[in-house]
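Okay, so here's the structure we're looking at.
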Protein chains: 2
Amino acid sequence: MARVTITEIARRSGVSKGAVSYVLNDRPGVSDATRARVLQVARELNWVPNRAARALSGAKTDTYGLVLPRKAEDIGHEPYYMEFIAGLESVLGERSLALMLQVVPDVATAAATYRKWWSERRVDGVVVVDVRVDDPRVALLQEIGMPAVVVGHPSLAGGLPSVGTDDAAAVADVVAHLAGLGHRAIARVAGPAELSHTRIRDEALAAAAAGHGVRARTVHSDFSADGGATATRALLGGPRPPTAIVYDNDLMAVAGLSAATGLGIRVPDDVSLVAWDDSALCRATHPTLTAMGHDVAAYGAAVARRLLGAEVVPRLVRAALRERASCAASPATAAPVSRARTSS
Amino acid sequence: MARVTITEIARRSGVSKGAVSYVLNDRPGVSDATRARVLQVARELNWVPNRAARALSGAKTDTYGLVLPRKAEDIGHEPYYMEFIAGLESVLGERSLALMLQVVPDVATAAATYRKWWSERRVDGVVVVDVRVDDPRVALLQEIGMPAVVVGHPSLAGGLPSVGTDDAAAVADVVAHLAGLGHRAIARVAGPAELSHTRIRDEALAAAAAGHGVRARTVHSDFSADGGATATRALLGGPRPPTAIVYDNDLMAVAGLSAATGLGIRVPDDVSLVAWDDSALCRATHPTLTAMGHDVAAYGAAVARRLLGAEVVPRLVRAALRERASCAASPATAAPVSRARTSS
DNA sequence: GCGGGGTGCTCAACCGGTTCAGCGGGACGC
DNA sequence: GCGTCCCGCTGAACCGGTTGAGCACCCCGC
């Protein structure tokens, strides 16, 4: 099991280290005969490059990084990340590129991690997720010249390459769908306000609602099941309850469904629900949840390709509404007078 | 932003490279005065070690690996992994150790990845999950002498360090609980039969059922929502349906609940349900799911500590049943009058 | 005054690659 | 026949650390 080095290959094939290096990196300057001989020897010896040595000489590390700026315990409950990572991996894995993962508590620590990774030459580039308003990471990455792909709208990327979802269009689609079903009072249980894409959706919701002459309200929450349930109970139990609720992720939507059912409010008869980031969860509930489907794994794959330098088209992925059983005509239009509730 | 090397530190503090290296690695052979001076200079210059150079000299890479032998698309739907990874990270992250992640289609590819990582000196050790019966990875790791921690029962680890859950005891607990509620026909929707821990649970179920004089049946599935729903429908629609169903993960349990409700079968009145790997999902459904709680994040943390050489106690984590609303007395026994849910 | 033993440091080799200047030699032009 | 050019390859430096051999110096004992 002794390690085989290019020096050994050079010795056995009777050429110099340099020549072997050229061959193994597919560079010109070596005759076909020599090239074949060296490759043959390398294969026989089962040679694999020593990454450390390569990296030391300034070459690539063939590793990309992902730093998740969230509390470790929150990460575990969010199906989104795992799907996203699986998508990244589907592209990186087949090229034998590794993914370096680190979970940190906040964006400042994330920035520090980028700085460290870059000065240590541990990764060739990073993926930036959960972009905040005025995110310090974007500025840092530009300053130190570290290759990166920002996951989000180009306007947030500050010139860095980006791949995003067209959240504004998706929100508009949802509002149009609900308005078409007769809903006139829509609520949205959103993610944290400091996330840029939450802001984008906030504004898009207000604009779309105005366009359809619909009343819309946004409540910011935290993507957690508890947060979703609490917000849902507050909305449905409060004054002028909405007839439709849109959630910013599916975990909150599932919890919201459960909360509504617990209050004796029927879905979709009394209130329509729309989830986001359609994961398996949405098909597991009863009734199944209509969701803004966003193929997260494919999205992750696109981000990975962009990271590797490919021109990904389109830059802005358009999500599509997947209709299931949690949406129906507004009870207001269906039954003008009474909203049948078993309890309230 | 020029890179700071130990050569530069040596020049500025008037000593040799070697002395600087000794200081920065906390080794003896340097006077306190010199040590302080070198450290001062290193701090001023904001020095960070070049991992590649360190690794090349045979030192640690400060990176650990996790290879997931599952299809990328399946990974995304399994909350378990994300929680587990978050747990690993909580320990690795605070020590500035990185986690290298790779998703591969099968255990053979996983083994090949280990071999590659080890010969490239890319990681200091790996975590082995989803152990199969006669898993080729265990043999390989021992052969090449790569540090590893096996996640599972010690009997599967073939001498490698391991951290596991006491699945047999947990299954026994669940059966005892259900038998106490009067259930006499229990079914289990299990994970794939080729997984070692599935086998362990299979046997424990048979043994515990025999001990309580209860009829038990195991149906193997695939951890997916669809698989859980299909198995549930088959069980409840078949001959002699069970009055209680135990699931090997929570995704299948959630889907099973939905399937039962869809068939007009009430939970827990007609059938009791028990989930496994209690994630947020179990609290989001209606009724909430009783689950075999297993603090996956803490478990991941324990695995990480073991990987770093700590003696983790206990080696076998005992899961506890978290009672919620999806279990009740068996309709068969409860029929008379009383639904005594707090039977001993 | 000299041998012996620490202490504190230097020096140079080494890890396994990459890269570049340069060199021998054959082909070619004139 | 000679100069020129390019091809194919060599040799050595280099990346940024780690490590062991060895050396100067001082203290100590006799």
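By convention in this document, the chains of the structure tokens carry letters A, B, ... by their order, each chain's residues are numbered from 1, and ligands are numbered from 1 in the order they are shown.
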
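Identical in sequence, chain A and chain B superpose with a Cα RMSD of 3.3 Å when all alpha carbons are matched in order.
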
Requested in this report: Using backbone DSSP assignments, extract all alpha helix (DSSP H) residues from region 199-261 of chain A; output them as number ranges by chain.
Outcome: A: 199-212, 225-237, 250-261

Could the residues in this selection be written to a file with C-alpha atoms, as a PDB file, in the first residue's frame?
```pdb
ATOM      1  CA  ARG A 199     -38.250  41.256   1.017  1.00  0.00           C
ATOM      2  CA  ILE A 200     -38.665  40.590  -2.658  1.00  0.00           C
ATOM      3  CA  ARG A 201     -41.713  38.462  -2.000  1.00  0.00           C
ATOM      4  CA  ASP A 202     -43.098  41.047   0.425  1.00  0.00           C
ATOM      5  CA  GLU A 203     -43.033  43.681  -2.261  1.00  0.00           C
ATOM      6  CA  ALA A 204     -44.283  41.372  -4.981  1.00  0.00           C
ATOM      7  CA  LEU A 205     -47.228  40.349  -2.835  1.00  0.00           C
ATOM      8  CA  ALA A 206     -48.242  43.930  -2.174  1.00  0.00           C
ATOM      9  CA  ALA A 207     -47.963  44.784  -5.874  1.00  0.00           C
ATOM     10  CA  ALA A 208     -49.842  41.709  -7.089  1.00  0.00           C
ATOM     11  CA  ALA A 209     -52.584  42.148  -4.500  1.00  0.00           C
ATOM     12  CA  ALA A 210     -53.060  45.743  -5.557  1.00  0.00           C
ATOM     13  CA  GLY A 211     -53.257  44.653  -9.155  1.00  0.00           C
ATOM     14  CA  HIS A 212     -56.046  42.210  -8.410  1.00  0.00           C
ATOM     15  CA  ALA A 225     -43.072  24.425  12.395  1.00  0.00           C
ATOM     16  CA  ASP A 226     -43.895  26.212  15.617  1.00  0.00           C
ATOM     17  CA  GLY A 227     -43.632  29.586  13.953  1.00  0.00           C
ATOM     18  CA  GLY A 228     -45.951  28.507  11.160  1.00  0.00           C
ATOM     19  CA  ALA A 229     -48.545  27.125  13.544  1.00  0.00           C
ATOM     20  CA  THR A 230     -48.493  30.185  15.763  1.00  0.00           C
ATOM     21  CA  ALA A 231     -48.826  32.584  12.866  1.00  0.00           C
ATOM     22  CA  THR A 232     -51.659  30.556  11.396  1.00  0.00           C
ATOM     23  CA  ARG A 233     -53.599  30.523  14.649  1.00  0.00           C
ATOM     24  CA  ALA A 234     -53.127  34.254  15.034  1.00  0.00           C
ATOM     25  CA  LEU A 235     -54.361  34.930  11.506  1.00  0.00           C
ATOM     26  CA  LEU A 236     -57.386  32.649  11.637  1.00  0.00           C
ATOM     27  CA  GLY A 237     -58.357  33.640  15.143  1.00  0.00           C
ATOM     28  CA  ASP A 250     -43.477  23.820   3.360  1.00  0.00           C
ATOM     29  CA  LEU A 251     -42.674  23.111   6.984  1.00  0.00           C
ATOM     30  CA  MET A 252     -44.683  26.145   8.075  1.00  0.00           C
ATOM     31  CA  ALA A 253     -47.454  25.179   5.679  1.00  0.00           C
ATOM     32  CA  VAL A 254     -47.729  21.685   7.100  1.00  0.00           C
ATOM     33  CA  ALA A 255     -47.808  23.075  10.612  1.00  0.00           C
ATOM     34  CA  GLY A 256     -50.340  25.673   9.520  1.00  0.00           C
ATOM     35  CA  LEU A 257     -52.603  22.995   8.102  1.00  0.00           C
ATOM     36  CA  SER A 258     -52.425  21.145  11.344  1.00  0.00           C
ATOM     37  CA  ALA A 259     -53.143  24.288  13.338  1.00  0.00           C
ATOM     38  CA  ALA A 260     -56.156  25.124  11.199  1.00  0.00           C
ATOM     39  CA  THR A 261     -57.544  21.618  11.501  1.00  0.00           C
TER      40      THR A 261
END
```

Spatial neighbours of DA21 (chain D), 12 Å, only C-alpha atoms (C1' of nucleotides), chain gap at least 6 places, as a PDB file with N, CA and C atoms (P, O5', C5', C4', C3', O3' and C1' of nucleotides), in the first residue's frame:
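Dumped everything to result20.pdb:
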```pdb
ATOM      1  P    DT C  10      17.271  30.740  14.942  1.00  0.00           P
ATOM      2  O5'  DT C  10      18.323  29.803  14.202  1.00  0.00           O
ATOM      3  C5'  DT C  10      19.715  29.967  14.450  1.00  0.00           C
ATOM      4  C4'  DT C  10      20.491  29.030  13.541  1.00  0.00           C
ATOM      5  C3'  DT C  10      20.095  29.100  12.070  1.00  0.00           C
ATOM      6  O3'  DT C  10      21.280  29.044  11.288  1.00  0.00           O
ATOM      7  C1'  DT C  10      19.801  26.884  12.864  1.00  0.00           C
ATOM      8  P    DC C  11      21.214  29.424   9.726  1.00  0.00           P
ATOM      9  O5'  DC C  11      21.441  28.016   9.036  1.00  0.00           O
ATOM     10  C5'  DC C  11      22.229  27.032   9.696  1.00  0.00           C
ATOM     11  C4'  DC C  11      22.070  25.704   8.977  1.00  0.00           C
ATOM     12  C3'  DC C  11      21.619  25.817   7.521  1.00  0.00           C
ATOM     13  O3'  DC C  11      22.491  25.041   6.732  1.00  0.00           O
ATOM     14  C1'  DC C  11      20.162  24.369   8.737  1.00  0.00           C
ATOM     15  P    DA C  12      22.436  25.151   5.141  1.00  0.00           P
ATOM     16  O5'  DA C  12      21.760  23.768   4.754  1.00  0.00           O
ATOM     17  C5'  DA C  12      22.138  22.599   5.491  1.00  0.00           C
ATOM     18  C4'  DA C  12      21.144  21.488   5.202  1.00  0.00           C
ATOM     19  C3'  DA C  12      20.614  21.466   3.771  1.00  0.00           C
ATOM     20  O3'  DA C  12      20.550  20.121   3.368  1.00  0.00           O
ATOM     21  C1'  DA C  12      18.806  21.554   5.269  1.00  0.00           C
ATOM     22  P    DA C  13      20.427  19.727   1.859  1.00  0.00           P
ATOM     23  O5'  DA C  13      19.516  18.428   1.988  1.00  0.00           O
ATOM     24  C5'  DA C  13      19.691  17.577   3.133  1.00  0.00           C
ATOM     25  C4'  DA C  13      18.363  16.956   3.510  1.00  0.00           C
ATOM     26  C3'  DA C  13      17.543  16.454   2.317  1.00  0.00           C
ATOM     27  O3'  DA C  13      17.064  15.157   2.613  1.00  0.00           O
ATOM     28  C1'  DA C  13      16.226  17.878   3.653  1.00  0.00           C
TER      29       DA C  13
END
```

Quick one: residues within 12 Å of DG29 (chain D), only C-alpha atoms (C1' of nucleotides), excluding same-chain residues fewer than 3 positions away - as a tab-separated table (two decimals) with N, CA and C atoms (P, O5', C5', C4', C3', O3' and C1' of nucleotides), in the first residue's frame?
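around_11.tsv, freshly written:
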```tsv
chain	number	residue	atom	x	y	z
C	2	DC	P	41.87	22.72	29.55
C	2	DC	O5'	40.87	21.51	29.78
C	2	DC	C5'	41.22	20.48	30.71
C	2	DC	C4'	40.00	19.58	30.89
C	2	DC	C3'	39.16	19.43	29.61
C	2	DC	O3'	38.82	18.07	29.41
C	2	DC	C1'	37.79	20.14	31.38
C	3	DG	P	38.21	17.63	27.99
C	3	DG	O5'	37.03	16.66	28.46
C	3	DG	C5'	37.27	15.71	29.50
C	3	DG	C4'	35.93	15.37	30.16
C	3	DG	C3'	34.85	14.95	29.16
C	3	DG	O3'	34.15	13.85	29.72
C	3	DG	C1'	34.11	16.83	30.41
C	4	DG	P	33.02	13.13	28.88
C	4	DG	O5'	31.69	13.76	29.48
C	4	DG	C5'	31.50	13.71	30.90
C	4	DG	C4'	30.11	14.25	31.21
C	4	DG	C3'	29.05	13.89	30.16
C	4	DG	O3'	27.86	13.52	30.84
C	4	DG	C1'	29.15	16.24	30.43
C	5	DG	P	26.66	12.87	30.03
C	5	DG	O5'	25.56	14.00	30.17
C	5	DG	C5'	25.29	14.57	31.45
C	5	DG	C4'	24.38	15.76	31.28
C	5	DG	C3'	23.28	15.55	30.23
C	5	DG	O3'	22.07	16.10	30.72
C	5	DG	C1'	24.51	17.49	29.71
```

Query raised in the report: Which chain B residues are at most 10 Å from chain D (counting only C-alpha atoms (C1' of nucleotides)), as number ranges by chain?
Result: B: 4-7, 17-18, 21-22, 25, 49-59

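Distances to chain B were evaluated for C:DG8, C:DG25, C:DG17, C:DG1 using only C-alpha atoms (C1' of nucleotides), and the minimum falls at C:DG8.
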
Report task. Give the strand (DSSP E) residues of region 159-339 of chain A, as assigned by DSSP on the backbone, as a VMD selection string. Result -> chain A and resid 162 to 165 185 to 190 215 to 220 244 to 247 272 to 276 290 to 293 316 to 317 320 to 322

Include C-alpha atoms and write out the residues we just selected as a short mmCIF file (atom, residue, chain, number, x, y, z; two decimals), in the first residue's frame.
```
data_model
loop_
_atom_site.label_atom_id
_atom_site.label_comp_id
_atom_site.auth_asym_id
_atom_site.auth_seq_id
_atom_site.Cartn_x
_atom_site.Cartn_y
_atom_site.Cartn_z
CA SER A 162 -25.79 34.30 -9.38
CA VAL A 163 -28.58 31.83 -9.95
CA GLY A 164 -31.96 32.64 -8.52
CA THR A 165 -35.62 32.02 -8.52
CA ALA A 185 -58.27 38.37 1.63
CA ILE A 186 -54.91 36.69 1.37
CA ALA A 187 -52.34 36.33 4.11
CA ARG A 188 -48.75 35.22 3.83
CA VAL A 189 -46.69 33.61 6.53
CA ALA A 190 -43.22 34.65 5.47
CA ARG A 215 -56.41 42.56 0.44
CA ALA A 216 -53.05 41.07 1.38
CA ARG A 217 -51.11 40.89 4.59
CA THR A 218 -47.66 39.49 5.41
CA VAL A 219 -46.65 38.10 8.77
CA HIS A 220 -42.96 37.37 9.24
CA ALA A 244 -56.27 31.95 1.83
CA ILE A 245 -52.82 31.67 3.36
CA VAL A 246 -49.55 31.39 1.51
CA TYR A 247 -46.47 30.07 3.30
CA SER A 272 -57.15 27.66 1.20
CA LEU A 273 -53.45 26.97 1.85
CA VAL A 274 -50.46 27.28 -0.46
CA ALA A 275 -47.04 25.94 0.48
CA TRP A 276 -43.66 26.87 -0.98
CA THR A 290 -50.98 22.95 -3.23
CA ALA A 291 -47.44 24.27 -3.46
CA MET A 292 -45.23 26.61 -5.39
CA GLY A 293 -43.02 23.96 -6.82
CA LEU A 316 -33.69 33.08 -12.94
CA VAL A 317 -35.62 29.87 -12.41
CA ALA A 320 -44.68 26.65 -11.03
CA LEU A 321 -47.77 26.13 -8.94
CA ARG A 322 -48.54 22.49 -8.31
#
```

Query - Two-atom distance - CA of Val175 (chain B), CA of Val131 (chain B) (Å) - result: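 Answer for the CA of Val175 (chain B) to CA of Val131 (chain B) separation: 24.6 Å.
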
Which residues of chain C have any atom within 8 Å of an atom in chain B when counting only C-alpha atoms (C1' of nucleotides), and what is the closest pair of atoms for each, with the distance in Å to one decimal? Order the rows by chain and rising number and write it as CSV.
```
residue,atom,partner,partner_atom,distance
C:DT7,C1',B:Gly29,CA,7.3
C:DG8,C1',B:Val30,CA,5.7
C:DC9,C1',B:Ala19,CA,6.9
C:DT10,C1',B:Ser16,CA,6.5
C:DC14,C1',B:Ser57,CA,8.0
C:DC15,C1',B:Ser57,CA,4.7
C:DG16,C1',B:Leu56,CA,7.3
```

Print the selection's residues with N, CA and C atoms (P, O5', C5', C4', C3', O3' and C1' of nucleotides) to a file, as a compact mmCIF listing (two decimals), in the first residue's frame.
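And here's selection28.txt as it stands now:
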```
# COMPACT_ATOMS: atom_id res chain seq x y z
P DT C 7 16.57 20.79 29.57
O5' DT C 7 16.98 22.11 28.79
C5' DT C 7 17.57 23.20 29.50
C4' DT C 7 17.87 24.33 28.53
C3' DT C 7 16.71 24.71 27.59
O3' DT C 7 16.57 26.12 27.65
C1' DT C 7 18.69 24.36 26.35
P DG C 8 15.37 26.87 26.98
O5' DG C 8 15.99 27.32 25.59
C5' DG C 8 17.06 28.26 25.58
C4' DG C 8 17.44 28.52 24.14
C3' DG C 8 16.25 28.73 23.20
O3' DG C 8 16.53 29.85 22.38
C1' DG C 8 17.65 27.04 22.36
P DC C 9 15.34 30.49 21.49
O5' DC C 9 15.87 30.12 20.05
C5' DC C 9 17.14 30.66 19.67
C4' DC C 9 17.82 29.73 18.70
C3' DC C 9 17.18 29.63 17.31
O3' DC C 9 17.75 30.64 16.47
C1' DC C 9 18.23 27.58 18.06
P DT C 10 17.27 30.74 14.94
O5' DT C 10 18.32 29.80 14.20
C5' DT C 10 19.72 29.97 14.45
C4' DT C 10 20.49 29.03 13.54
C3' DT C 10 20.09 29.10 12.07
O3' DT C 10 21.28 29.04 11.29
C1' DT C 10 19.80 26.88 12.86
P DC C 14 16.51 14.24 1.47
O5' DC C 14 14.94 14.36 1.68
C5' DC C 14 14.39 14.13 2.99
C4' DC C 14 12.96 14.62 3.01
C3' DC C 14 12.17 14.38 1.71
O3' DC C 14 11.13 13.47 1.97
C1' DC C 14 11.77 16.55 2.60
P DC C 15 10.54 12.60 0.78
O5' DC C 15 9.00 12.94 0.86
C5' DC C 15 8.30 12.97 2.10
C4' DC C 15 7.09 13.84 1.93
C3' DC C 15 6.54 13.81 0.51
O3' DC C 15 5.46 12.88 0.43
C1' DC C 15 6.63 16.05 1.40
P DG C 16 5.49 11.80 -0.76
O5' DG C 16 4.88 12.65 -1.97
C5' DG C 16 3.56 13.13 -1.86
C4' DG C 16 3.29 14.07 -3.01
C3' DG C 16 3.63 13.49 -4.39
O3' DG C 16 2.61 13.89 -5.28
C1' DG C 16 4.70 15.53 -4.11
```

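With CA of Gly180 (chain A) on one side and CA of Asp222 (chain A) on the other, the separation reads 29.1 Å.
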
Taking a cut-off of 8 Å and counting only C-alpha atoms, can you build a table that, for each residue of chain A near chain B, reports the nearest atom pair and how far apart they are in Å (one decimal), sorted by chain then residue number, as CSV?
```
residue,atom,partner,partner_atom,distance
A:Met1,CA,B:Ile144,CA,7.7
A:Arg3,CA,B:Ser119,CA,7.3
A:Val48,CA,B:Glu120,CA,6.8
A:Pro49,CA,B:Glu120,CA,6.4
A:Asn50,CA,B:Glu120,CA,4.7
A:Arg51,CA,B:Glu120,CA,5.7
A:Ala52,CA,B:Ala52,CA,4.5
A:Ala53,CA,B:Leu56,CA,5.8
A:Ala55,CA,B:Ala52,CA,5.8
A:Leu56,CA,B:Ala52,CA,5.3
A:Ala72,CA,B:Ala86,CA,4.9
A:Glu73,CA,B:Ala86,CA,6.6
A:Ile75,CA,B:Ala86,CA,6.5
A:Gly76,CA,B:Glu83,CA,3.7
A:His77,CA,B:Ala280,CA,6.2
A:Glu78,CA,B:Pro79,CA,7.3
A:Pro79,CA,B:Pro79,CA,5.9
A:Tyr80,CA,B:Gly76,CA,7.5
A:Tyr81,CA,B:Met82,CA,7.6
A:Met82,CA,B:Gly76,CA,4.7
A:Glu83,CA,B:Gly76,CA,3.7
A:Phe84,CA,B:Gly76,CA,7.3
A:Ile85,CA,B:Gly76,CA,7.8
A:Ala86,CA,B:Ala72,CA,4.9
A:Gly87,CA,B:Ala72,CA,6.9
A:Glu89,CA,B:Val103,CA,6.1
A:Ser90,CA,B:Ala72,CA,6.4
A:Gly93,CA,B:Gln102,CA,6.5
A:Ala98,CA,B:Gln102,CA,6.3
A:Leu99,CA,B:Leu101,CA,5.3
A:Met100,CA,B:Met100,CA,4.6
A:Leu101,CA,B:Leu99,CA,5.3
A:Gln102,CA,B:Ala98,CA,6.3
A:Val103,CA,B:Glu89,CA,6.1
A:Val104,CA,B:Gly93,CA,7.3
A:Lys116,CA,B:Val48,CA,7.5
A:Ser119,CA,B:Val48,CA,7.1
A:Glu120,CA,B:Asn50,CA,4.7
A:Arg121,CA,B:Asn50,CA,7.0
A:Arg122,CA,B:Arg51,CA,7.0
A:Ile144,CA,B:Met1,CA,7.7
A:Ala225,CA,B:Ala284,CA,6.6
A:Leu251,CA,B:Leu281,CA,7.8
A:Val254,CA,B:Ala284,CA,6.1
A:Ala255,CA,B:Ala284,CA,4.5
A:Ser258,CA,B:His286,CA,5.3
A:Thr261,CA,B:His286,CA,7.3
A:Gly262,CA,B:His286,CA,7.3
A:Ser279,CA,B:His77,CA,7.0
A:Ala280,CA,B:His77,CA,6.2
A:Leu281,CA,B:Leu251,CA,7.8
A:Arg283,CA,B:Ala255,CA,7.9
A:Ala284,CA,B:Ala255,CA,4.5
A:Thr285,CA,B:Ser258,CA,5.5
A:His286,CA,B:Ser258,CA,5.3
A:Pro287,CA,B:Ser258,CA,7.9
A:Ala297,CA,B:Glu73,CA,7.2
```

Deliver the residues from the most recent selection as a file, using C-alpha atoms, as a PDB file, in the first residue's frame.
```pdb
ATOM      1  CA  MET A   1       0.000   0.000   0.000  1.00  0.00           C
ATOM      2  CA  ARG A   3       2.112   5.630  -1.896  1.00  0.00           C
ATOM      3  CA  VAL A  48      -3.659   9.090  -7.704  1.00  0.00           C
ATOM      4  CA  PRO A  49      -2.529  12.679  -7.369  1.00  0.00           C
ATOM      5  CA  ASN A  50      -1.771  14.033  -3.941  1.00  0.00           C
ATOM      6  CA  ARG A  51      -4.144  16.959  -3.586  1.00  0.00           C
ATOM      7  CA  ALA A  52      -2.048  18.619  -0.974  1.00  0.00           C
ATOM      8  CA  ALA A  53       0.958  18.724  -3.239  1.00  0.00           C
ATOM      9  CA  ALA A  55      -2.740  22.668  -3.941  1.00  0.00           C
ATOM     10  CA  LEU A  56       0.648  23.705  -2.626  1.00  0.00           C
ATOM     11  CA  ALA A  72     -27.369  23.838  13.647  1.00  0.00           C
ATOM     12  CA  GLU A  73     -30.667  22.762  15.201  1.00  0.00           C
ATOM     13  CA  ILE A  75     -30.890  23.264   9.761  1.00  0.00           C
ATOM     14  CA  GLY A  76     -32.036  19.833  10.723  1.00  0.00           C
ATOM     15  CA  HIS A  77     -35.683  20.652  10.330  1.00  0.00           C
ATOM     16  CA  GLU A  78     -35.439  22.253   6.948  1.00  0.00           C
ATOM     17  CA  PRO A  79     -35.863  19.773   4.089  1.00  0.00           C
ATOM     18  CA  TYR A  80     -34.859  22.480   1.663  1.00  0.00           C
ATOM     19  CA  TYR A  81     -31.163  22.352   2.444  1.00  0.00           C
ATOM     20  CA  MET A  82     -30.799  18.666   2.124  1.00  0.00           C
ATOM     21  CA  GLU A  83     -32.435  18.740  -1.289  1.00  0.00           C
ATOM     22  CA  PHE A  84     -30.315  21.639  -2.346  1.00  0.00           C
ATOM     23  CA  ILE A  85     -27.149  19.908  -1.213  1.00  0.00           C
ATOM     24  CA  ALA A  86     -28.207  16.751  -2.975  1.00  0.00           C
ATOM     25  CA  GLY A  87     -28.578  18.820  -6.138  1.00  0.00           C
ATOM     26  CA  GLU A  89     -23.695  16.964  -5.159  1.00  0.00           C
ATOM     27  CA  SER A  90     -25.304  15.474  -8.217  1.00  0.00           C
ATOM     28  CA  GLY A  93     -20.011  14.207  -7.378  1.00  0.00           C
ATOM     29  CA  ALA A  98     -15.940  17.414  -3.116  1.00  0.00           C
ATOM     30  CA  LEU A  99     -18.201  19.681  -1.130  1.00  0.00           C
ATOM     31  CA  MET A 100     -16.956  21.208   2.094  1.00  0.00           C
ATOM     32  CA  LEU A 101     -19.750  21.985   4.470  1.00  0.00           C
ATOM     33  CA  GLN A 102     -19.803  24.174   7.510  1.00  0.00           C
ATOM     34  CA  VAL A 103     -22.665  25.345   9.673  1.00  0.00           C
ATOM     35  CA  VAL A 104     -22.127  28.678  11.405  1.00  0.00           C
ATOM     36  CA  LYS A 116     -10.041  31.474   6.293  1.00  0.00           C
ATOM     37  CA  SER A 119      -6.252  32.063   2.672  1.00  0.00           C
ATOM     38  CA  GLU A 120      -5.751  28.414   3.446  1.00  0.00           C
ATOM     39  CA  ARG A 121      -6.574  27.553  -0.153  1.00  0.00           C
ATOM     40  CA  ARG A 122      -8.991  24.943   1.064  1.00  0.00           C
ATOM     41  CA  ILE A 144     -10.689  38.985  -1.651  1.00  0.00           C
ATOM     42  CA  ALA A 225     -43.072  24.425  12.395  1.00  0.00           C
ATOM     43  CA  LEU A 251     -42.674  23.111   6.984  1.00  0.00           C
ATOM     44  CA  VAL A 254     -47.729  21.685   7.100  1.00  0.00           C
ATOM     45  CA  ALA A 255     -47.808  23.075  10.612  1.00  0.00           C
ATOM     46  CA  SER A 258     -52.425  21.145  11.344  1.00  0.00           C
ATOM     47  CA  THR A 261     -57.544  21.618  11.501  1.00  0.00           C
ATOM     48  CA  GLY A 262     -56.990  21.826  15.239  1.00  0.00           C
ATOM     49  CA  SER A 279     -41.051  18.823  -0.832  1.00  0.00           C
ATOM     50  CA  ALA A 280     -42.395  15.361  -0.105  1.00  0.00           C
ATOM     51  CA  LEU A 281     -44.186  16.783   2.892  1.00  0.00           C
ATOM     52  CA  ARG A 283     -47.927  15.190  -0.655  1.00  0.00           C
ATOM     53  CA  ALA A 284     -47.950  13.523   2.750  1.00  0.00           C
ATOM     54  CA  THR A 285     -50.547  15.653   4.462  1.00  0.00           C
ATOM     55  CA  HIS A 286     -54.293  15.356   4.304  1.00  0.00           C
ATOM     56  CA  PRO A 287     -55.505  17.175   2.368  1.00  0.00           C
ATOM     57  CA  ALA A 297     -32.425  19.635  -6.420  1.00  0.00           C
TER      58      ALA A 297
END
```

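Interatomic distance, CA of Ala170 (chain A) against CA of Asp277 (chain A): 11.3 Å.
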